[in-house]
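Taking it in order: structure first as structure tokens, then the write-up.
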Number of protein chains: 4
Amino acid sequence: MDKIALDKLNAGSEDDFVRGLGDIFEHTPGLARAVYAKRPFSSLGALYDAMETAVRGQSRDEQVRLLQAHPDLAGKAARGGTLTADSKAEQSGAGLDQLSDDEYARFHKLNDEYRKKFDIPFIVCVRRHSRDSILREFERRLGNEPAAEEKSALNEVLRIAALRLDQRASATDKLKVHGRLSTHVLDVHSGRPAQGIAVELLAVPKSGPQVFLAKAVTNADGRTDKPLLADQPIPIGTYEMRFSVGPYFASKAVKLADPPFLDVVPLRFSVAEPEGHYHVPLLLTPWGYSTYRGS
Amino acid sequence: MDKIALDKLNAGSEDDFVRGLGDIFEHTPGLARAVYAKRPFSSLGALYDAMETAVRGQSRDEQVRLLQAHPDLAGKAARGGTLTADSKAEQSGAGLDQLSDDEYARFHKLNDEYRKKFDIPFIVCVRRHSRDSILREFERRLGNEPAAEEKSALNEVLRIAALRLDQRASATDKLKVHGRLSTHVLDVHSGRPAQGIAVELLAVPKSGPQVFLAKAVTNADGRTDKPLLADQPIPIGTYEMRFSVGPYFASKAVKLADPPFLDVVPLRFSVAEPEGHYHVPLLLTPWGYSTYRGS
Amino acid sequence: MDKIALDKLNAGSEDDFVRGLGDIFEHTPGLARAVYAKRPFSSLGALYDAMETAVRGQSRDEQVRLLQAHPDLAGKAARGGTLTADSKAEQSGAGLDQLSDDEYARFHKLNDEYRKKFDIPFIVCVRRHSRDSILREFERRLGNEPAAEEKSALNEVLRIAALRLDQRASATDKLKVHGRLSTHVLDVHSGRPAQGIAVELLAVPKSGPQVFLAKAVTNADGRTDKPLLADQPIPIGTYEMRFSVGPYFASKAVKLADPPFLDVVPLRFSVAEPEGHYHVPLLLTPWGYSTYRGS
Amino acid sequence: MDKIALDKLNAGSEDDFVRGLGDIFEHTPGLARAVYAKRPFSSLGALYDAMETAVRGQSRDEQVRLLQAHPDLAGKAARGGTLTADSKAEQSGAGLDQLSDDEYARFHKLNDEYRKKFDIPFIVCVRRHSRDSILREFERRLGNEPAAEEKSALNEVLRIAALRLDQRASATDKLKVHGRLSTHVLDVHSGRPAQGIAVELLAVPKSGPQVFLAKAVTNADGRTDKPLLADQPIPIGTYEMRFSVGPYFASKAVKLADPPFLDVVPLRFSVAEPEGHYHVPLLLTPWGYSTYRGS
């Protein structure tokens, strides 16, 4: 889907505006209509700020209606196929369309308890989460006071909106909704960047198989040409990078044990800030290595 | 099984000696009988040396008969139940009694090619190997010249004998047939040994599930009370230690991300010398770590 | 001077006992006489405990007299030559006999202020200190309340006594009055201990030239045959170990830059606990290194 | 001195050209005159290439005259004050104008031997060297065959010319005559860049006092705002960076020993390639650190 340029939104009719941005807030095009009046927007950030102002300026009743317009997470709407296209894409990204019967039952039970306590569906910006972290978040937020939880839910609505806006509209500025994962391999055996090391990135759920996410090969500067993850929030969760260091040193005619002491080096770490920059380098010799959260 | 003390072997009758040590060499009690004449032995090493001398002093025909007395690896004898007790225990240790039909077929094919080329069964000291390394060794040795391969096979017979002797007889000295795997966790965040970190050791085959081998918790010196592996050769192959560092730092009230950047730290490495000492330490902060082959 | 064995002290006369241990407390042989009555002592620790009990059991007047029996630090007694042999040896160890006129004046001024405020000489166990740390301690303790400072001074008297006792008497146990500084060099370039690396240890005062303390060469295990410092408290202060790593890698025919990136590696650190064990390893390649407080 | 823009050189008269660039080659303005004919130059690199071509295209006699036009290093010309302004500035940069009488005598002796063997003065691009490395180079080159040494000397003349050209003329491109030294401090104790750490850079000669070169404070990214060295070749030699890490951790309210285990961290390394990029990071906790040649 091509993005709509900000200047078109600024210059277009109200109907075009609402057609373009009306579903930024789930089933609530009235918010886009209200924002239209604030044109023109000098930046995407200014447009988002106007949207946030509109939401925060609603009465509590309106806000609750906005919250109630959202579907249950992994709920009947999801299985029954009545989700908005956005919700559907978001939920499948976190694997919520592939729950086992047990997991479905667990989500269902949490949904029921949550609805009973708060009278709204559980809303979370799933593109910032893994299945594990959604579950943890769900249980954590069930313990909130109702007023605090309404605030949490509204914050999630705004996070969802920011990501939808980021996908829908283009401008010279960017919304701060993307994280980045990068690496850098230094060969401390020969004192130079390690070129030609294959790297794989996997998601590591608490249970179930690991999920392949990306692969790359380090360039002459020991980096990958592109970040391993970028242009998206990095879902909260655990990851593993795997570096094929055995073949690298073998290709350098370095004297190695057979099999080499280090062949595949796994670095496992967790992401807590989906919009953060995670730089995780590897300092390497055939007999040892270091890693750390860099910058 | 209780070990027989060296002084009893020195003082006992020839029949007792052969009963105790006759099966050190597969189906070849005559070698034990020949060694009996060299009593007394001042050490277990001296007894082993006498055994090696007896084998190396045999005629080529006798040596070939000794080699031919061994069963095929993972072969019909194994499936048909006619192995010696020693061979059976050794082969099951490397998982050779649990081959899939495909793997069994592969071994069978290698056995056939090997027998055809060398007219002896493929002999390898399986307690020094994983399934992966046996297969690699098998393919490597198939490329040998016959004379070199007879020498390789005889060396393996002696390695098997040394390990059987080590299991059978006790003395104040030890044969150098054991390796050792140890670790040490230093908390470089607080400048002291990391106490209370759970460590798991797994074997990591090239394919198929990882196999749990041992677990331990670090003590006040950051070490495990006993080495993770000792009193045996460490099978050539790949291993992973997993350190539960997230709970450790949480218990120290260190400010962490949520989830913590490091929770389970996997260190993966390969062993090439089954009799070697592998000391693989972990230098740790909540945000990074180093490892290396230490001493 | 030969040490007096504990059993001789236990078995000897009161006069012998006091002759042997009378000057453990400066100019106060009465304390040794009081302790003699508690014989026999099962260990050196028990003898020391009896001494501490005797001091702590004194009246406040007696304790103040004990404190007043001590000379000024770097004071007139030192320059005038009326120190006890113990005090003289202790003060020269910390370099207090080689003060510049300015430093002498500064100590003199601190002594005067201290005497004026507390009416006792400033007492510190100088064998646990460098000139820098004595000065810092002096200034810190000048801020104490008189009651707290008397307690501090008495603690120092006991530390001095323990060290004198340790030098004077021998037993199967040891008093915990010694620290230890050791190192270990791992060659992570080749995966083994680094043998043959020359190490120098120097004291690094805040001003003035560095002072050579010890040198050694690493053995086959990458360690020095003996700790760099042992059998003494390690004076609080700053130290530098210097490792000659350039010649080591050159001797291994490792390809290096010219001049090599790393030639002499200095590790600088401070000791805060004179009785602690400081293990400061070096993990080394030709292009980088790590160090940390180990255990 | 303002640089002359390349387009002015391209557009100007031959006299202006020679006035601007005539002393790029010592006492040999004829080379600039020869190059003038090749105008216009599309880049500074193209101008330099034309100069190199002119030199390499000279007859051997002309080349020897060019070499002979250079002054002795630290020789009579230097003491007598008859150096060109360029030579004077270059030699003083390496401290050759501040030799002790012994050093002067040593240089003088080398000069004599060199002249006797090769009949030219010893020429070296001193801006790429420290006093130590010039001496080493001098001794090394004295061992050359005459033909090889003439080639070496001519290469140095061209290096000198490139640096003079770089100082004299400006263009959109740059000659590759500059090195760079940078650092980066990661606080692995808290998982973020270390901001506010003071760094000092010193030159470390083999003998004599260390020489202060630069200082800086790390910014929010753990880097210094500008490289510690840039816009010049980095003289071959040994350097030490000193990081004030004690005050940094103290300001973070990290619990430290007193005095802190690490206060000033010295990193000592040597530069072998004056035009190289030396990135030497520090990974830091209060209890240990790593460094390496990065990229």
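The chains in the structure tokens are called A, B, ... from first to last as shown; in each chain the residues are counted from 1, and the ligands are counted from 1 in the order shown.
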Near segment 187-199 of chain C, 9 Å: segment 169-201 of chain A residue rows, closest pairs, only C-alpha atoms, as CSV:
residue,atom,partner,partner_atom,distance
A:Val188,CA,C:His189,CA,8.1
A:His189,CA,C:His189,CA,5.5
A:Ser190,CA,C:His189,CA,8.8
message = Using only C-alpha atoms and a cut-off of 10 Å, which residues of chain D sit close to chain C? Please list them as number ranges by chain.
response = D: 133, 236-238, 240, 256-273, 280-294
Output of the above residues as a short mmCIF file (atom, residue, chain, number, x, y, z; two decimals), in the first residue's frame, restricted to N, CA, C and O atoms:
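Okay, part23.cif is ready:
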data_model
loop_
_atom_site.label_atom_id
_atom_site.label_comp_id
_atom_site.auth_asym_id
_atom_site.auth_seq_id
_atom_site.Cartn_x
_atom_site.Cartn_y
_atom_site.Cartn_z
N SER D 133 60.83 6.44 16.53
CA SER D 133 60.69 5.70 15.28
C SER D 133 61.63 6.23 14.20
O SER D 133 62.07 5.49 13.32
N ILE D 236 54.25 7.57 14.07
CA ILE D 236 54.53 6.20 14.52
C ILE D 236 55.12 6.29 15.91
O ILE D 236 56.08 7.03 16.14
N GLY D 237 54.57 5.55 16.85
CA GLY D 237 55.07 5.62 18.22
C GLY D 237 54.05 5.09 19.20
O GLY D 237 53.03 4.53 18.80
N THR D 238 54.32 5.28 20.46
CA THR D 238 53.50 4.73 21.52
C THR D 238 52.71 5.84 22.21
O THR D 238 53.24 6.93 22.43
N GLU D 240 49.36 6.77 25.16
CA GLU D 240 48.55 6.30 26.28
C GLU D 240 47.33 7.21 26.41
O GLU D 240 47.47 8.43 26.46
N LEU D 256 31.31 1.78 45.57
CA LEU D 256 32.70 1.50 45.18
C LEU D 256 33.54 1.20 46.41
O LEU D 256 33.16 1.54 47.53
N ALA D 257 34.68 0.58 46.19
CA ALA D 257 35.66 0.46 47.25
C ALA D 257 36.26 1.85 47.49
O ALA D 257 36.07 2.76 46.68
N ASP D 258 36.99 2.01 48.59
CA ASP D 258 37.59 3.30 48.90
C ASP D 258 39.07 3.09 49.24
O ASP D 258 39.36 2.57 50.31
N PRO D 259 40.01 3.44 48.38
CA PRO D 259 39.82 4.06 47.06
C PRO D 259 39.20 3.07 46.07
O PRO D 259 39.30 1.86 46.27
N PRO D 260 38.57 3.59 45.01
CA PRO D 260 37.92 2.70 44.04
C PRO D 260 38.95 1.80 43.35
O PRO D 260 40.08 2.21 43.14
N PHE D 261 38.53 0.56 43.05
CA PHE D 261 39.43 -0.40 42.40
C PHE D 261 40.03 0.23 41.13
O PHE D 261 41.22 0.12 40.88
N LEU D 262 39.18 0.86 40.34
CA LEU D 262 39.66 1.54 39.14
C LEU D 262 39.44 3.03 39.29
O LEU D 262 38.33 3.48 39.58
N ASP D 263 40.47 3.81 39.11
CA ASP D 263 40.34 5.26 39.18
C ASP D 263 40.75 5.85 37.83
O ASP D 263 39.89 6.24 37.05
N VAL D 264 42.03 5.86 37.54
CA VAL D 264 42.50 6.25 36.21
C VAL D 264 42.85 4.97 35.46
O VAL D 264 43.66 4.18 35.93
N VAL D 265 42.21 4.75 34.32
CA VAL D 265 42.52 3.57 33.49
C VAL D 265 43.43 4.01 32.34
O VAL D 265 43.01 4.80 31.50
N PRO D 266 44.66 3.51 32.31
CA PRO D 266 45.54 3.82 31.19
C PRO D 266 45.45 2.75 30.11
O PRO D 266 45.49 1.55 30.41
N LEU D 267 45.27 3.16 28.87
CA LEU D 267 45.35 2.23 27.73
C LEU D 267 46.56 2.65 26.90
O LEU D 267 46.61 3.76 26.38
N ARG D 268 47.53 1.75 26.78
CA ARG D 268 48.75 2.07 26.05
C ARG D 268 48.84 1.24 24.78
O ARG D 268 48.60 0.04 24.82
N PHE D 269 49.12 1.89 23.69
CA PHE D 269 49.15 1.17 22.41
C PHE D 269 50.08 1.91 21.46
O PHE D 269 50.42 3.08 21.70
N SER D 270 50.46 1.24 20.40
CA SER D 270 51.36 1.87 19.44
C SER D 270 50.70 2.00 18.09
O SER D 270 49.88 1.17 17.70
N VAL D 271 51.07 3.05 17.40
CA VAL D 271 50.58 3.32 16.05
C VAL D 271 51.67 2.96 15.06
O VAL D 271 52.82 3.39 15.22
N ALA D 272 51.32 2.12 14.09
CA ALA D 272 52.29 1.71 13.07
C ALA D 272 51.97 2.31 11.71
O ALA D 272 52.84 2.38 10.85
N GLU D 273 50.70 2.70 11.52
CA GLU D 273 50.29 3.26 10.22
C GLU D 273 49.79 4.69 10.43
O GLU D 273 48.65 4.89 10.85
N VAL D 280 39.98 2.96 19.54
CA VAL D 280 40.37 2.17 20.71
C VAL D 280 39.33 2.38 21.80
O VAL D 280 39.40 3.33 22.57
N PRO D 281 38.32 1.52 21.86
CA PRO D 281 37.23 1.70 22.82
C PRO D 281 37.56 1.14 24.20
O PRO D 281 38.51 0.36 24.36
N LEU D 282 36.77 1.52 25.14
CA LEU D 282 36.89 1.04 26.51
C LEU D 282 35.51 0.54 26.95
O LEU D 282 34.54 1.29 26.94
N LEU D 283 35.44 -0.76 27.30
CA LEU D 283 34.21 -1.34 27.86
C LEU D 283 34.44 -1.45 29.35
O LEU D 283 35.37 -2.14 29.77
N LEU D 284 33.59 -0.86 30.14
CA LEU D 284 33.94 -0.53 31.50
C LEU D 284 32.92 -0.96 32.54
O LEU D 284 31.72 -0.79 32.33
N THR D 285 33.41 -1.50 33.65
CA THR D 285 32.60 -1.58 34.87
C THR D 285 33.50 -1.04 35.98
O THR D 285 34.67 -0.76 35.75
N PRO D 286 32.97 -0.90 37.22
CA PRO D 286 33.87 -0.43 38.28
C PRO D 286 34.95 -1.44 38.62
O PRO D 286 35.88 -1.14 39.35
N TRP D 287 34.83 -2.67 38.09
CA TRP D 287 35.72 -3.76 38.51
C TRP D 287 36.48 -4.41 37.37
O TRP D 287 37.10 -5.46 37.56
N GLY D 288 36.40 -3.83 36.20
CA GLY D 288 37.14 -4.42 35.10
C GLY D 288 36.86 -3.69 33.82
O GLY D 288 35.99 -2.83 33.75
N TYR D 289 37.64 -3.99 32.81
CA TYR D 289 37.43 -3.35 31.51
C TYR D 289 38.07 -4.16 30.40
O TYR D 289 38.88 -5.05 30.65
N SER D 290 37.64 -3.86 29.18
CA SER D 290 38.21 -4.45 27.98
C SER D 290 38.56 -3.33 27.03
O SER D 290 37.89 -2.30 27.01
N THR D 291 39.56 -3.58 26.22
CA THR D 291 39.87 -2.68 25.12
C THR D 291 40.35 -3.49 23.94
O THR D 291 40.71 -4.66 24.10
N TYR D 292 40.35 -2.90 22.76
CA TYR D 292 40.75 -3.62 21.56
C TYR D 292 40.88 -2.60 20.44
O TYR D 292 40.36 -1.49 20.54
N ARG D 293 41.57 -2.98 19.38
CA ARG D 293 41.57 -2.12 18.21
C ARG D 293 40.27 -2.35 17.48
O ARG D 293 40.02 -3.45 16.95
N GLY D 294 39.41 -1.36 17.46
CA GLY D 294 38.09 -1.47 16.85
C GLY D 294 38.09 -0.90 15.45
O GLY D 294 39.14 -0.76 14.82
#
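Minimum atom-to-atom distance to Leu66 of chain D, evaluated using only C-alpha atoms, belongs to D:Ile24 out of D:Ile24, D:Met241, D:Leu229, D:Val185.
Minimum distance to Ser152 of chain A across A:Asp61, A:Lys176, A:Val124, A:Ala11 (counting only C-alpha atoms) occurs at A:Val124.
Residues in contact with Asn10 of chain B at 12 Å, where only C-alpha atoms are counted and same-chain residues fewer than 3 positions away are skipped, are listed as B:Ile4, B:Ala5, B:Leu6, B:Asp7, B:Ser13, B:Glu14, B:Asp16, B:Phe17, B:Val18, B:Gly20, B:Val35, B:Tyr36, B:Ala37, B:Lys38, B:Arg39, B:Pro40, B:Phe41, B:Ser42, B:Ser43, B:Leu44, B:Ala46, B:Leu47, B:Ala169, B:Ser170, B:Ala171.
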